[in-house]
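Shown next, in structure tokens, is the structure this report addresses.
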Amino acid sequence: MPDSTNPVPVLSHIASDASCLHQALRALPAERDASTLAAHITDAQDLADTALRLFLTRSRQTSRPSPTDLLLLHSVAQIAKAAQDAAAELTAALARAVENQRRQAAATSRRVVLIGPTPQQFIESATDLLDRIPALCDAREWPESPCQ
């Protein structure tokens, strides 16, 4: 993990990982492989874990946080929530895909009632959530930021 006193490398790492996961979900074929979807769930959970570790580290470093520190903590909390929500959406997609497969396998006729929202709708929701993370990581306000 990068130097904990400088949040920029960690935020850059989170933004990069979120972008990679976003692209992987966009490229996910219509017939989703359950193990691939489970791996993506783990990736989203890892993003949330990294953000939460950064939050804990930064919140413990100062007894009286400055407005800039509070802005950083707020952004990092939003990143963690977006990643956790994306993981939840992907988990719902996985559960829905497995349930619909079970229904299809158990069907005695050609007519199968599938439940919605569809797995793809959950995946699209997750990609929307992941799409927010790089903007939250763009830390122009932080003094250590290379963006200034």
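By convention here, the chains of the structure tokens are called A, B, ... in the order presented, each chain's residues are numbered starting at 1, and ligands are numbered starting at 1 in the order presented.
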
Sorted per-residue table, region 105-136 of chain A near region 5-23 of chain A, closest atoms and distance, 10 Å, only C-alpha atoms, as a tab-separated table:
residue	atom	partner	partner_atom	distance
A:Ile123	CA	A:His22	CA	9.9
A:Glu124	CA	A:His22	CA	9.7
A:Ala126	CA	A:His22	CA	8.3
A:Thr127	CA	A:His22	CA	5.4
A:Asp128	CA	A:His22	CA	8.4
A:Leu129	CA	A:His22	CA	9.0
A:Leu130	CA	A:Ala18	CA	5.9
A:Asp131	CA	A:His22	CA	6.7
A:Arg132	CA	A:Ala18	CA	9.0
A:Ile133	CA	A:Ala15	CA	6.2
A:Pro134	CA	A:Ala15	CA	4.4
A:Ala135	CA	A:Ala15	CA	8.0
A:Leu136	CA	A:Ala15	CA	8.3

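Non-sequential neighbours of region 93-110 of chain A (distance at most 9 Å, separation of 5 or more positions within a chain, only C-alpha atoms) are Arg32, Ala34, Leu37, Ala38, Ala88, Ile115, Gly116, Pro117, Thr118, Pro119, Gln120, Gln121, Phe122 and Ile123 of chain A.
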
Quick one: write out the picked residues with N, CA, C and O atoms as an mmCIF file, in the first residue's frame?
data_model
loop_
_atom_site.group_PDB
_atom_site.id
_atom_site.type_symbol
_atom_site.label_atom_id
_atom_site.label_comp_id
_atom_site.auth_asym_id
_atom_site.auth_seq_id
_atom_site.Cartn_x
_atom_site.Cartn_y
_atom_site.Cartn_z
ATOM 1 N N ARG A 32 -23.786 -14.396 -18.574
ATOM 2 C CA ARG A 32 -22.806 -14.182 -17.518
ATOM 3 C C ARG A 32 -22.374 -15.486 -16.871
ATOM 4 O O ARG A 32 -23.203 -16.317 -16.532
ATOM 5 N N ALA A 34 -21.155 -17.237 -13.642
ATOM 6 C CA ALA A 34 -21.319 -16.957 -12.221
ATOM 7 C C ALA A 34 -19.982 -16.717 -11.527
ATOM 8 O O ALA A 34 -19.865 -15.826 -10.691
ATOM 9 N N LEU A 37 -18.709 -13.235 -12.375
ATOM 10 C CA LEU A 37 -19.482 -12.246 -11.633
ATOM 11 C C LEU A 37 -19.065 -12.229 -10.159
ATOM 12 O O LEU A 37 -18.901 -11.156 -9.566
ATOM 13 N N ALA A 38 -18.832 -13.396 -9.579
ATOM 14 C CA ALA A 38 -18.380 -13.465 -8.188
ATOM 15 C C ALA A 38 -17.010 -12.795 -8.017
ATOM 16 O O ALA A 38 -16.770 -12.111 -7.016
ATOM 17 N N ALA A 88 -23.020 -4.765 -3.801
ATOM 18 C CA ALA A 88 -24.371 -5.253 -3.495
ATOM 19 C C ALA A 88 -25.184 -5.453 -4.770
ATOM 20 O O ALA A 88 -25.910 -6.450 -4.898
ATOM 21 N N ILE A 115 -37.848 -13.696 -12.980
ATOM 22 C CA ILE A 115 -38.109 -12.557 -12.114
ATOM 23 C C ILE A 115 -37.170 -11.417 -12.473
ATOM 24 O O ILE A 115 -36.084 -11.615 -13.000
ATOM 25 N N GLY A 116 -37.625 -10.226 -12.220
ATOM 26 C CA GLY A 116 -36.846 -9.032 -12.523
ATOM 27 C C GLY A 116 -36.591 -8.256 -11.259
ATOM 28 O O GLY A 116 -37.133 -8.583 -10.220
ATOM 29 N N PRO A 117 -35.813 -7.225 -11.308
ATOM 30 C CA PRO A 117 -35.043 -6.772 -12.461
ATOM 31 C C PRO A 117 -34.082 -7.858 -12.942
ATOM 32 O O PRO A 117 -33.713 -8.756 -12.193
ATOM 33 N N THR A 118 -33.675 -7.700 -14.167
ATOM 34 C CA THR A 118 -32.777 -8.691 -14.756
ATOM 35 C C THR A 118 -31.375 -8.547 -14.180
ATOM 36 O O THR A 118 -31.007 -7.469 -13.683
ATOM 37 N N PRO A 119 -30.572 -9.597 -14.273
ATOM 38 C CA PRO A 119 -29.178 -9.469 -13.836
ATOM 39 C C PRO A 119 -28.479 -8.302 -14.541
ATOM 40 O O PRO A 119 -27.702 -7.574 -13.913
ATOM 41 N N GLN A 120 -28.765 -8.111 -15.815
ATOM 42 C CA GLN A 120 -28.122 -7.027 -16.563
ATOM 43 C C GLN A 120 -28.471 -5.660 -15.980
ATOM 44 O O GLN A 120 -27.632 -4.776 -15.937
ATOM 45 N N GLN A 121 -29.697 -5.493 -15.495
ATOM 46 C CA GLN A 121 -30.075 -4.215 -14.889
ATOM 47 C C GLN A 121 -29.287 -3.961 -13.607
ATOM 48 O O GLN A 121 -28.867 -2.830 -13.345
ATOM 49 N N PHE A 122 -29.074 -5.010 -12.823
ATOM 50 C CA PHE A 122 -28.255 -4.856 -11.620
ATOM 51 C C PHE A 122 -26.808 -4.520 -11.997
ATOM 52 O O PHE A 122 -26.172 -3.679 -11.356
ATOM 53 N N ILE A 123 -26.296 -5.163 -13.027
ATOM 54 C CA ILE A 123 -24.922 -4.898 -13.479
ATOM 55 C C ILE A 123 -24.793 -3.460 -13.975
ATOM 56 O O ILE A 123 -23.815 -2.770 -13.675
#

Selection near Leu56 (chain A), 12 Å with only C-alpha atoms, sequence-local residues under 3 positions removed, as an MDAnalysis selection string: chainID A and resid 4:5 7 49:53 59:62 72:73 76:77 80

DSSP helix (DSSP H, G or I) residues within region 3-144 of chain A, as a PyMOL selection string: chain A and resi 7-26+34-61+67-106+119-137

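Using only C-alpha atoms, the shortest contact distance between Ile41 (chain A) and any of A:Ala87, A:Cys137, A:Val112, A:Ala92 is found at A:Ala87.
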
Using only C-alpha atoms: which of A:Leu70, A:Leu114, A:Ala48, A:Ala24 has the shortest distance to Asp85 (chain A):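 Looking only at the distances to Asp85 (chain A), the closest residue turns out to be A:Ala48.
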
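Between CA of Ser125 (chain A) and CA of Asp43 (chain A) there is a distance of 15.8 Å.
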
Atom pair CA of Ala44 (chain A) / CA of Gln84 (chain A): separation (Å):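 If I compute the distance from CA of Ala44 (chain A) to CA of Gln84 (chain A), I get 6.8 Å.
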
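Comparing A:Ser75, A:Glu89, A:Thr42, A:Pro29 by their smallest distance to Arg58 (chain A), the closest is A:Ser75 (using only C-alpha atoms).
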
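Here CA of Lys81 (chain A) stands at a distance of 13.3 Å from CA of Leu54 (chain A).
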